[in-house]
Number of protein chains: 2
Amino acid sequence: MSKSRLEARALDRYVKGLRPEFEKTLKHMVEIPSVSMDPKRKSAMKASAAHAVDLLKALGAKARIVKTPLYPLVVGKLIQDKSYPTVTIYNHLDVQPADGKKEGWKHEPFRFTKDGDRYLGRGTTDDKGPALTAYYGVRCALDNRIPLNFQFLWELEEEIGSPSFEGALRKHAASLKTDSVVVSDTIWISRTRPAISYALRGVQAALLRLETGVKDVHSGLTGGAARNAVAELMDLAARLVDARTGRVRIPGFYDDVTPPSRRELQSFRDSGFKTSVFRRAHELKSLRATDELEVMQRIWTRPTFEVHGIAGGYSGPGVKTVVPQSGELKVSMRLVPGQKPAKMFRALKQHVKKLNPDVKVISDSVLEPYMGDFSGPYADAARQAVQFGFHRTPAFVREGASIGAVVTMQKLLKAPITFLGLSLPEHGYHAPNEFYDWGQASGGVKMFTRYFEEISRLAR
Amino acid sequence: MSKSRLEARALDRYVKGLRPEFEKTLKHMVEIPSVSMDPKRKSAMKASAAHAVDLLKALGAKARIVKTPLYPLVVGKLIQDKSYPTVTIYNHLDVQPADGKKEGWKHEPFRFTKDGDRYLGRGTTDDKGPALTAYYGVRCALDNRIPLNFQFLWELEEEIGSPSFEGALRKHAASLKTDSVVVSDTIWISRTRPAISYALRGVQAALLRLETGVKDVHSGLTGGAARNAVAELMDLAARLVDARTGRVRIPGFYDDVTPPSRRELQSFRDSGFKTSVFRRAHELKSLRATDELEVMQRIWTRPTFEVHGIAGGYSGPGVKTVVPQSGELKVSMRLVPGQKPAKMFRALKQHVKKLNPDVKVISDSVLEPYMGDFSGPYADAARQAVQFGFHRTPAFVREGASIGAVVTMQKLLKAPITFLGLSLPEHGYHAPNEFYDWGQASGGVKMFTRYFEEISRLAR
């Protein structure tokens with residue numbers, strides 16, 4: 001590891017000077033409600049892509065909108081010198097839905113609210129804030145004459161499982177060659193414990209539909225003889241997973257799961273993960289397990305079967321005594337490296353057929369799990385960068401969430417992928433009152449700058 | 001049974017002449033959206049009571065609004081001669097909620113739509129149409145000089161379990177003395193098979209609430225370690241009732257159930273009930289049983305535990321991969337004569353405590369089951385009346401639904417109660433596209449007139 005030419009105090013001043021512009025830009029981004037899941041947000045999705053292009057152009061990049069069947073991919077290229085290596089920076093600009101009243105937001109989710117160092121609003125931490133932090137890291141790298149070319153891949157479909165990403169990347173792969181990829185969409189152990197992920201869980205989501213009649217019927221007039229579609233789906237859920245322990249009851253479900261290696265477990269133990277911190281960060285009253293290593297394995301290295309909710313029947317205030325005649329159970333399996341979503345979907349389908357043959361099983365979003373490495377020059381560069389930006393040593397851990405684009409980039413760009421996430425557990429990924437903060441942003445700009453300096457020295 | 005002085009053809013002409021006014025009045029009633037369950041409908045509830053008073057006054061009755069803690073009771077008195085016996089006519093003017101778009105109504109639920117002989121709209125058959133039919137039956141009886149006094153009890157809280165009815169009746173019992181009661185809020189076996197009920201099931205509804213955290217969390221970040229409140233409630237539902245067979249798994253649940261007598265079973269067998277007709281009327285694809293007598297017992301003489309739906313988690317389009325941290329399961333038990341709602345609620349609560357101690361059990365609406373008789377002079381009068389109005393012999397059966405007011409009237413008015421229902425299974429009680437029809441209305445006016453004639457001859 002060669003010595004950095006970056007001067008810490010000068011960089012601090014530089015980053016401090018960025019703050020007003022950072023906040024103004026993040027405000028603009030957050031107030032574009034780019035909810036990819038909501039078909040009514042199409043114009044916001046368009047505005048988000050257009051703003052992204054403007055941003056990239058302001059940096060001096062050549063920016064373009066790559067059209068896809070649904071929402072575009074924004075590509076930016078900033079070639080300083082063709083002899084320099086190229087890093088590709090992946091972020092996403094689409095966000096989760098947010099219902100201010102229903103979900104108990106304290107501020108309007110799509111109004112940027114500044115509270116001291118905290119930036120509140122949907123998408124602040126997932127993933128607009130980290131995207132913008134990486135963006136200013138690039139500007140800082142340019143201003144510090146770091147010999148690297150930059151390529152931005154800003155996705156607008158991450159929250160809906162990246163349906164167009166692979167197609168777009170496959171079509172434009174020749175023009176997207178890169179020496180490495182950096183992804184900033186993961187979460188630290190805690191504010192005092194940065195984490196670098198090297199593996200992601202995948203997802204296979206599904207809808208389980210049952211219709212036993214045409215319309216909901218009266219429980220007095222028909223109750224006892226009429227089937228109850230919602231009760232049958234609940235019964236099915238109870239047979240697919242033990243709700244108390246989380247143990248999945250689908251035959252073969254655990255067949256392809258490889259337990260974490262001894263070296264991984266040691267890295268987990270050293271990570272500083274605290275069950276109590278995790279519980280508080282997510283505001284959970286109790287957990288299925290308390291032992292630290294057990295909890296880490298549950299969220300990082302083991303697959304799950306989760307029930308997200310059910311459509312059908314009555315869910316308003318009080319009780320309406322209908323016998324529901326249709327229902328749609330919303331479920332998903334988080335899958336770990338080794339498991340194949342298609343195989344797990346088949347296993348689910350077969351088991352459901354056995355348990356309740358009238359239930360239709362429909363595949364929803366699918367993301368492959370991802371397994372990378374946590375050693376080598378890029379991991380070393382990441383370690384240096386985090387140390388420089390935050391004065392702390394990062395833990396190398398797995399990540400329980402899924403980023404579909406990562407597996408696609410691994411497959412098509414064939415370059416090492418590094419995760420330099422900036423979100424904290426309490427920031428509230430996908431949750432109400434999501435926020436990001438200047439501490440993570442300012443440290444993050446420094447981290448990225450140093451990371452770019454480090455990897456600019458790696459042989460192409 | 002003495003001979004009727006009513007002349008069938010003259011009555012036919014009379015009833016035919018009523019039709020324009022009947023339709024106009026029913027239209028007015030249906031277009032007042034008197035949804036007692038919906039706190040936003042308070043002004044409609046008020047309008048419904050005011051219109052009821054006007055209607056009763058138009059008949060020559062003394063009408064008044066009896067105030068209660070929630071929605072009033074409308075009382076009408078039409079004393080022709082103090083020496084005549086008095087019949088009390090019970091109906092309710094409040095209706096079930098209706099969501100035109102969500103529930104797939106073909107017409108606006110609160111717009112009266114006439115389609116040939118069919119009258120479409122929420123409340124047409126439950127219970128505004130039958131209420132109006134009984135009302136015109138009284139007018140016809142008056143015009144035919146039938147020596148009877150009439151007392152109307154029009155309730156506005158039936159669909160929410162009659163919370164104020166008992167209090168109001170108890171307070172005004174002295175002024176509400178009656179020789180008999182007739183209730184028109186039950187359903188025939190089929191269009192060609194009138195039915196007179198002599199028993200009702202009761203209801204004990206409940207909310208089962210669970211909170212395992214403050215807000216829904218991310219299934220990638222927390223899934224495996226976080227508890228899933230919705231999955232746990234579904235598991236609980238599956239442990240409380242066998243969704244496929246309907247068998248209730250609460251200890252002691254069936255202890256106080258008395259099987260129907262041999263005489264009752266014979267009456268059921270003679271009722272002309274057809275499983276296929278029942279299935280088609282409610283548009284059910286399949287049933288838990290096919291044998292006719294078994295189906296009748298399931299809906300009339302056996303208790304149930306029904307899951308109506310769940311609030312919590314994600315129920316929008318597609319899949320949102322949250323781990324729900326709170327949920328409210330909506331359930332109810334239909335109870336049969338012999339079972340006590342309070343005892344069954346305690347049994348439920350105790351069992352839930354054992355299965356999942358974190359779940360809170362909250363009692364919702366409660367209605368006692370009702371058991372009457374199906375022989376004697378009032379039953380004979382009813383048989384005569386149905387024969388006269390519809391040229392068919394009625395079946396004496398039980399009713400699976402609940403009318404809270406009936407048990408209260410039995411207890412406080414201490415007079416025989418007769419059920420002269422007019423609704424058909426296909427009319428869609430509580431269902432989308434509810435309707436009533438002129439065939440039932442016109443036959444019904446004649447039926448009521450004849451019934452009033454018959455009971456006017458019974459000794460006081």
# chains A, B, ... in the order shown; residues from 1 in each chain; ligands from 1
$ interface_residues --of "chain A" --to "chain B" --cutoff "6 Å" --atoms "only C-alpha atoms" --output "PyMOL selection string"
chain A and resi 212-214+220-227+231-232+234-235+238+243+283-285+287-288+295+298-299+304+307-311+313-315+319+322-323+330+400-401
$ residues_around --residues "Leu413 (chain A)" --least-positions-apart "3" --cutoff "12 Å" --atoms "only C-alpha atoms" --output "PDB file with N, CA and C atoms, in the first residue's frame"
ATOM      1  N   THR A  86     -10.482   2.185 -15.316  1.00  0.00           N
ATOM      2  CA  THR A  86     -11.868   2.677 -15.176  1.00  0.00           C
ATOM      3  C   THR A  86     -12.559   2.006 -13.992  1.00  0.00           C
ATOM      4  N   VAL A  87     -13.205   2.825 -13.169  1.00  0.00           N
ATOM      5  CA  VAL A  87     -14.048   2.277 -12.106  1.00  0.00           C
ATOM      6  C   VAL A  87     -15.508   2.576 -12.460  1.00  0.00           C
ATOM      7  N   THR A  88     -16.361   1.601 -12.240  1.00  0.00           N
ATOM      8  CA  THR A  88     -17.795   1.803 -12.470  1.00  0.00           C
ATOM      9  C   THR A  88     -18.482   1.968 -11.122  1.00  0.00           C
ATOM     10  N   LEU A 153     -23.289   3.972 -13.342  1.00  0.00           N
ATOM     11  CA  LEU A 153     -24.497   3.212 -13.710  1.00  0.00           C
ATOM     12  C   LEU A 153     -25.537   3.542 -12.647  1.00  0.00           C
ATOM     13  N   GLU A 166     -30.380  -6.429 -16.611  1.00  0.00           N
ATOM     14  CA  GLU A 166     -29.561  -7.416 -17.318  1.00  0.00           C
ATOM     15  C   GLU A 166     -29.640  -7.220 -18.831  1.00  0.00           C
ATOM     16  N   LEU A 169     -27.659  -4.109 -19.789  1.00  0.00           N
ATOM     17  CA  LEU A 169     -26.220  -4.306 -19.635  1.00  0.00           C
ATOM     18  C   LEU A 169     -25.680  -5.228 -20.733  1.00  0.00           C
ATOM     19  N   ARG A 170     -26.473  -6.256 -21.047  1.00  0.00           N
ATOM     20  CA  ARG A 170     -26.064  -7.209 -22.080  1.00  0.00           C
ATOM     21  C   ARG A 170     -25.926  -6.495 -23.431  1.00  0.00           C
ATOM     22  N   LYS A 171     -26.882  -5.621 -23.712  1.00  0.00           N
ATOM     23  CA  LYS A 171     -26.909  -4.911 -24.991  1.00  0.00           C
ATOM     24  C   LYS A 171     -25.729  -3.933 -25.113  1.00  0.00           C
ATOM     25  N   HIS A 172     -25.357  -3.314 -23.993  1.00  0.00           N
ATOM     26  CA  HIS A 172     -24.348  -2.267 -24.053  1.00  0.00           C
ATOM     27  C   HIS A 172     -23.019  -2.691 -23.424  1.00  0.00           C
ATOM     28  N   ALA A 173     -22.857  -3.998 -23.186  1.00  0.00           N
ATOM     29  CA  ALA A 173     -21.677  -4.491 -22.461  1.00  0.00           C
ATOM     30  C   ALA A 173     -20.376  -4.013 -23.105  1.00  0.00           C
ATOM     31  N   ALA A 174     -20.321  -4.015 -24.433  1.00  0.00           N
ATOM     32  CA  ALA A 174     -19.080  -3.673 -25.135  1.00  0.00           C
ATOM     33  C   ALA A 174     -18.619  -2.267 -24.769  1.00  0.00           C
ATOM     34  N   SER A 175     -19.569  -1.345 -24.626  1.00  0.00           N
ATOM     35  CA  SER A 175     -19.200   0.043 -24.332  1.00  0.00           C
ATOM     36  C   SER A 175     -19.071   0.301 -22.831  1.00  0.00           C
ATOM     37  N   LEU A 176     -19.284  -0.730 -22.019  1.00  0.00           N
ATOM     38  CA  LEU A 176     -19.286  -0.519 -20.561  1.00  0.00           C
ATOM     39  C   LEU A 176     -18.120  -1.219 -19.873  1.00  0.00           C
ATOM     40  N   LYS A 177     -17.092  -1.522 -20.649  1.00  0.00           N
ATOM     41  CA  LYS A 177     -15.935  -2.226 -20.067  1.00  0.00           C
ATOM     42  C   LYS A 177     -15.390  -1.461 -18.865  1.00  0.00           C
ATOM     43  N   THR A 178     -14.962  -2.203 -17.881  1.00  0.00           N
ATOM     44  CA  THR A 178     -14.505  -1.564 -16.650  1.00  0.00           C
ATOM     45  C   THR A 178     -13.469  -2.431 -15.964  1.00  0.00           C
ATOM     46  N   ASP A 179     -12.631  -1.813 -15.136  1.00  0.00           N
ATOM     47  CA  ASP A 179     -11.636  -2.584 -14.397  1.00  0.00           C
ATOM     48  C   ASP A 179     -12.157  -3.023 -13.037  1.00  0.00           C
ATOM     49  N   SER A 180     -13.098  -2.265 -12.516  1.00  0.00           N
ATOM     50  CA  SER A 180     -13.685  -2.647 -11.230  1.00  0.00           C
ATOM     51  C   SER A 180     -15.029  -1.939 -11.076  1.00  0.00           C
ATOM     52  N   VAL A 181     -15.767  -2.411 -10.090  1.00  0.00           N
ATOM     53  CA  VAL A 181     -17.086  -1.844  -9.809  1.00  0.00           C
ATOM     54  C   VAL A 181     -17.145  -1.513  -8.320  1.00  0.00           C
ATOM     55  N   ALA A 405     -28.695  -6.039  -9.343  1.00  0.00           N
ATOM     56  CA  ALA A 405     -27.734  -5.578 -10.331  1.00  0.00           C
ATOM     57  C   ALA A 405     -26.340  -6.145 -10.087  1.00  0.00           C
ATOM     58  N   VAL A 406     -26.025  -6.460  -8.830  1.00  0.00           N
ATOM     59  CA  VAL A 406     -24.676  -6.920  -8.496  1.00  0.00           C
ATOM     60  C   VAL A 406     -24.352  -8.241  -9.197  1.00  0.00           C
ATOM     61  N   VAL A 407     -25.291  -9.173  -9.121  1.00  0.00           N
ATOM     62  CA  VAL A 407     -25.075 -10.479  -9.749  1.00  0.00           C
ATOM     63  C   VAL A 407     -24.929 -10.297 -11.263  1.00  0.00           C
ATOM     64  N   THR A 408     -25.739  -9.416 -11.830  1.00  0.00           N
ATOM     65  CA  THR A 408     -25.676  -9.143 -13.271  1.00  0.00           C
ATOM     66  C   THR A 408     -24.320  -8.543 -13.649  1.00  0.00           C
ATOM     67  N   MET A 409     -23.854  -7.595 -12.855  1.00  0.00           N
ATOM     68  CA  MET A 409     -22.563  -6.976 -13.160  1.00  0.00           C
ATOM     69  C   MET A 409     -21.432  -7.985 -13.037  1.00  0.00           C
ATOM     70  N   GLN A 410     -21.527  -8.848 -12.009  1.00  0.00           N
ATOM     71  CA  GLN A 410     -20.512  -9.899 -11.842  1.00  0.00           C
ATOM     72  C   GLN A 410     -20.449 -10.779 -13.091  1.00  0.00           C
ATOM     73  N   PRO A 416     -13.913  -7.102 -10.587  1.00  0.00           N
ATOM     74  CA  PRO A 416     -14.131  -7.193  -9.142  1.00  0.00           C
ATOM     75  C   PRO A 416     -15.126  -6.139  -8.647  1.00  0.00           C
ATOM     76  N   ILE A 417     -15.947  -6.549  -7.710  1.00  0.00           N
ATOM     77  CA  ILE A 417     -16.985  -5.657  -7.167  1.00  0.00           C
ATOM     78  C   ILE A 417     -16.686  -5.385  -5.690  1.00  0.00           C
TER      79      ILE A 417
END
$ select_by_dssp --residues "region 16-250 of chain A" --states "strand (DSSP E)" --output "ChimeraX atom specification"
/A:62-66,73-78,86-92,113-115,118-120,149-155,180-183,195-200,202-211,217-218
$ write_last_selection --atoms "C-alpha atoms" --output "PDB file, in the first residue's frame"
ATOM      1  CA  LYS A  62     -20.902  12.274 -21.054  1.00  0.00           C
ATOM      2  CA  ALA A  63     -24.318  11.180 -19.879  1.00  0.00           C
ATOM      3  CA  ARG A  64     -27.076   9.316 -21.603  1.00  0.00           C
ATOM      4  CA  ILE A  65     -30.352   7.613 -20.934  1.00  0.00           C
ATOM      5  CA  VAL A  66     -30.349   3.948 -21.941  1.00  0.00           C
ATOM      6  CA  LEU A  73     -30.640   3.204 -16.927  1.00  0.00           C
ATOM      7  CA  VAL A  74     -28.636   6.413 -16.659  1.00  0.00           C
ATOM      8  CA  VAL A  75     -25.056   5.961 -17.860  1.00  0.00           C
ATOM      9  CA  GLY A  76     -22.312   8.534 -17.338  1.00  0.00           C
ATOM     10  CA  LYS A  77     -18.760   8.334 -18.655  1.00  0.00           C
ATOM     11  CA  LEU A  78     -15.919  10.509 -17.556  1.00  0.00           C
ATOM     12  CA  THR A  86     -11.868   2.677 -15.176  1.00  0.00           C
ATOM     13  CA  VAL A  87     -14.048   2.277 -12.106  1.00  0.00           C
ATOM     14  CA  THR A  88     -17.795   1.803 -12.470  1.00  0.00           C
ATOM     15  CA  ILE A  89     -19.941   3.331  -9.765  1.00  0.00           C
ATOM     16  CA  TYR A  90     -23.320   1.694  -9.254  1.00  0.00           C
ATOM     17  CA  ASN A  91     -26.211   3.317  -7.393  1.00  0.00           C
ATOM     18  CA  HIS A  92     -29.952   3.402  -7.805  1.00  0.00           C
ATOM     19  CA  THR A 113     -36.425  17.900   5.816  1.00  0.00           C
ATOM     20  CA  LYS A 114     -33.191  18.935   7.453  1.00  0.00           C
ATOM     21  CA  ASP A 115     -32.887  18.394  11.195  1.00  0.00           C
ATOM     22  CA  ARG A 118     -29.961  14.603   9.635  1.00  0.00           C
ATOM     23  CA  TYR A 119     -31.604  14.585   6.228  1.00  0.00           C
ATOM     24  CA  LEU A 120     -35.097  13.110   6.340  1.00  0.00           C
ATOM     25  CA  ASN A 149     -11.684   7.098 -15.444  1.00  0.00           C
ATOM     26  CA  PHE A 150     -15.219   6.978 -14.061  1.00  0.00           C
ATOM     27  CA  GLN A 151     -18.318   5.324 -15.295  1.00  0.00           C
ATOM     28  CA  PHE A 152     -21.685   5.758 -13.567  1.00  0.00           C
ATOM     29  CA  LEU A 153     -24.497   3.212 -13.710  1.00  0.00           C
ATOM     30  CA  TRP A 154     -27.544   4.748 -12.077  1.00  0.00           C
ATOM     31  CA  GLU A 155     -30.443   2.356 -12.049  1.00  0.00           C
ATOM     32  CA  SER A 180     -13.685  -2.647 -11.230  1.00  0.00           C
ATOM     33  CA  VAL A 181     -17.086  -1.844  -9.809  1.00  0.00           C
ATOM     34  CA  VAL A 182     -18.006  -0.092  -6.599  1.00  0.00           C
ATOM     35  CA  VAL A 183     -21.489  -0.344  -5.145  1.00  0.00           C
ATOM     36  CA  ALA A 195     -18.911  -2.773   7.303  1.00  0.00           C
ATOM     37  CA  ILE A 196     -17.888  -3.976   3.891  1.00  0.00           C
ATOM     38  CA  SER A 197     -20.093  -6.695   2.494  1.00  0.00           C
ATOM     39  CA  TYR A 198     -18.859  -9.476   0.277  1.00  0.00           C
ATOM     40  CA  ALA A 199     -22.072 -11.488  -0.137  1.00  0.00           C
ATOM     41  CA  LEU A 200     -25.756 -10.786  -0.643  1.00  0.00           C
ATOM     42  CA  GLY A 202     -31.081 -13.359  -3.255  1.00  0.00           C
ATOM     43  CA  VAL A 203     -34.857 -13.216  -3.407  1.00  0.00           C
ATOM     44  CA  GLN A 204     -37.628 -15.280  -4.884  1.00  0.00           C
ATOM     45  CA  ALA A 205     -40.943 -13.556  -4.273  1.00  0.00           C
ATOM     46  CA  ALA A 206     -44.276 -15.174  -5.037  1.00  0.00           C
ATOM     47  CA  LEU A 207     -48.014 -14.623  -4.908  1.00  0.00           C
ATOM     48  CA  LEU A 208     -50.179 -17.481  -3.662  1.00  0.00           C
ATOM     49  CA  ARG A 209     -53.709 -16.999  -4.963  1.00  0.00           C
ATOM     50  CA  LEU A 210     -56.868 -18.797  -3.990  1.00  0.00           C
ATOM     51  CA  GLU A 211     -60.416 -18.288  -5.184  1.00  0.00           C
ATOM     52  CA  VAL A 217     -70.137 -14.138   1.405  1.00  0.00           C
ATOM     53  CA  HIS A 218     -72.037 -13.730   4.688  1.00  0.00           C
TER      54      HIS A 218
END
$ select_by_dssp --residues "region 29-115 of chain B" --states "helix (DSSP H, G or I)" --output "number ranges by chain"
B: 29-30, 39-58
$ residues_around --residues "region 18-24 of chain A" --least-positions-apart "6" --cutoff "10 Å" --atoms "only C-alpha atoms" --output "mmCIF file with N, CA and C atoms, in the first residue's frame"
data_model
loop_
_atom_site.group_PDB
_atom_site.id
_atom_site.type_symbol
_atom_site.label_atom_id
_atom_site.label_comp_id
_atom_site.auth_asym_id
_atom_site.auth_seq_id
_atom_site.Cartn_x
_atom_site.Cartn_y
_atom_site.Cartn_z
ATOM 1 N N ASP A 12 -10.815 17.932 4.389
ATOM 2 C CA ASP A 12 -11.892 18.307 5.308
ATOM 3 C C ASP A 12 -12.514 19.642 4.901
ATOM 4 N N PHE A 112 -37.969 17.087 1.475
ATOM 5 C CA PHE A 112 -36.661 16.988 2.138
ATOM 6 C C PHE A 112 -36.697 17.816 3.420
ATOM 7 N N LYS A 114 -34.502 18.929 6.814
ATOM 8 C CA LYS A 114 -33.191 18.935 7.453
ATOM 9 C C LYS A 114 -33.392 19.145 8.948
ATOM 10 N N TYR A 119 -30.829 14.263 7.431
ATOM 11 C CA TYR A 119 -31.604 14.585 6.228
ATOM 12 C C TYR A 119 -32.733 13.580 6.124
ATOM 13 N N GLY A 129 -28.775 9.403 -1.130
ATOM 14 C CA GLY A 129 -27.694 10.017 -0.360
ATOM 15 C C GLY A 129 -26.348 9.370 -0.679
ATOM 16 N N LEU A 132 -25.155 10.291 -4.159
ATOM 17 C CA LEU A 132 -24.645 11.651 -4.248
ATOM 18 C C LEU A 132 -23.279 11.767 -3.555
ATOM 19 N N THR A 133 -23.105 10.980 -2.498
ATOM 20 C CA THR A 133 -21.818 10.968 -1.802
ATOM 21 C C THR A 133 -20.717 10.436 -2.736
ATOM 22 N N TYR A 135 -20.836 10.481 -5.919
ATOM 23 C CA TYR A 135 -20.721 11.509 -6.982
ATOM 24 C C TYR A 135 -19.740 12.605 -6.574
ATOM 25 N N TYR A 136 -19.879 13.103 -5.328
ATOM 26 C CA TYR A 136 -18.953 14.144 -4.874
ATOM 27 C C TYR A 136 -17.561 13.573 -4.606
ATOM 28 N N CYS A 140 -14.231 15.200 -6.090
ATOM 29 C CA CYS A 140 -13.054 15.436 -5.268
ATOM 30 C C CYS A 140 -11.835 14.739 -5.875
ATOM 31 N N TRP A 438 -25.146 13.969 7.507
ATOM 32 C CA TRP A 438 -23.947 14.635 7.006
ATOM 33 C C TRP A 438 -22.670 13.930 7.476
ATOM 34 N N ALA A 441 -22.179 11.321 5.003
ATOM 35 C CA ALA A 441 -21.913 11.919 3.690
ATOM 36 C C ALA A 441 -20.497 12.495 3.648
ATOM 37 N N SER A 442 -20.131 13.262 4.675
ATOM 38 C CA SER A 442 -18.819 13.923 4.635
ATOM 39 C C SER A 442 -17.689 12.897 4.733
ATOM 40 N N VAL A 445 -17.496 11.047 1.318
ATOM 41 C CA VAL A 445 -16.801 11.702 0.200
ATOM 42 C C VAL A 445 -15.287 11.449 0.332
#
$ atom_distance --atom1 "CA of Gly404 (chain B)" --atom2 "CA of Met45 (chain B)"
19.1 Å
$ residues_around --residues "Ala8 (chain B)" --least-positions-apart "5" --cutoff "10 Å" --atoms "only C-alpha atoms" --output "list in words"
Arg13, Tyr14, Phe388, Gly389 and Lys446 of chain B
$ atom_distance --atom1 "CA of Lys46 (chain A)" --atom2 "CA of Met29 (chain A)"
12.3 Å
$ atom_distance --atom1 "CA of Gly60 (chain A)" --atom2 "CA of Val35 (chain A)"
27.9 Å
$ residues_around --residues "Leu6 (chain B)" --least-positions-apart "6" --cutoff "10 Å" --atoms "only C-alpha atoms" --output "PDB file with C-alpha atoms, in the first residue's frame"
ATOM      1  CA  ALA B 141    -104.374  -4.287   6.202  1.00  0.00           C
ATOM      2  CA  ASN B 144    -108.976  -3.873   4.380  1.00  0.00           C
ATOM      3  CA  ILE B 146    -108.216  -5.632   9.651  1.00  0.00           C
ATOM      4  CA  PHE B 388    -101.579 -16.879   0.311  1.00  0.00           C
ATOM      5  CA  LYS B 446    -100.070  -9.944   0.276  1.00  0.00           C
ATOM      6  CA  THR B 449    -101.779  -8.545   4.871  1.00  0.00           C
ATOM      7  CA  ARG B 450    -102.960 -12.097   5.279  1.00  0.00           C
ATOM      8  CA  GLU B 453    -105.647 -10.828   9.224  1.00  0.00           C
TER       9      GLU B 453
END
$ residues_around --residues "Ser164 (chain B)" --least-positions-apart "4" --cutoff "7 Å" --atoms "only C-alpha atoms" --output "list of chain:residue names"
B:Thr68, B:Pro69, B:Leu70, B:Ala168
$ write_last_selection --atoms "N, CA and C atoms" --output "PDB file, in the first residue's frame"
ATOM      1  N   THR B  68     -80.511   7.236  21.421  1.00  0.00           N
ATOM      2  CA  THR B  68     -79.658   6.262  22.114  1.00  0.00           C
ATOM      3  C   THR B  68     -78.245   6.836  22.097  1.00  0.00           C
ATOM      4  N   PRO B  69     -77.319   6.186  22.779  1.00  0.00           N
ATOM      5  CA  PRO B  69     -75.935   6.703  22.756  1.00  0.00           C
ATOM      6  C   PRO B  69     -75.356   6.799  21.341  1.00  0.00           C
ATOM      7  N   LEU B  70     -75.832   5.956  20.401  1.00  0.00           N
ATOM      8  CA  LEU B  70     -75.290   6.042  19.046  1.00  0.00           C
ATOM      9  C   LEU B  70     -76.394   6.417  18.060  1.00  0.00           C
ATOM     10  N   ALA B 168     -82.420   0.914  24.888  1.00  0.00           N
ATOM     11  CA  ALA B 168     -83.594   1.687  24.466  1.00  0.00           C
ATOM     12  C   ALA B 168     -84.883   0.920  24.781  1.00  0.00           C
TER      13      ALA B 168
END
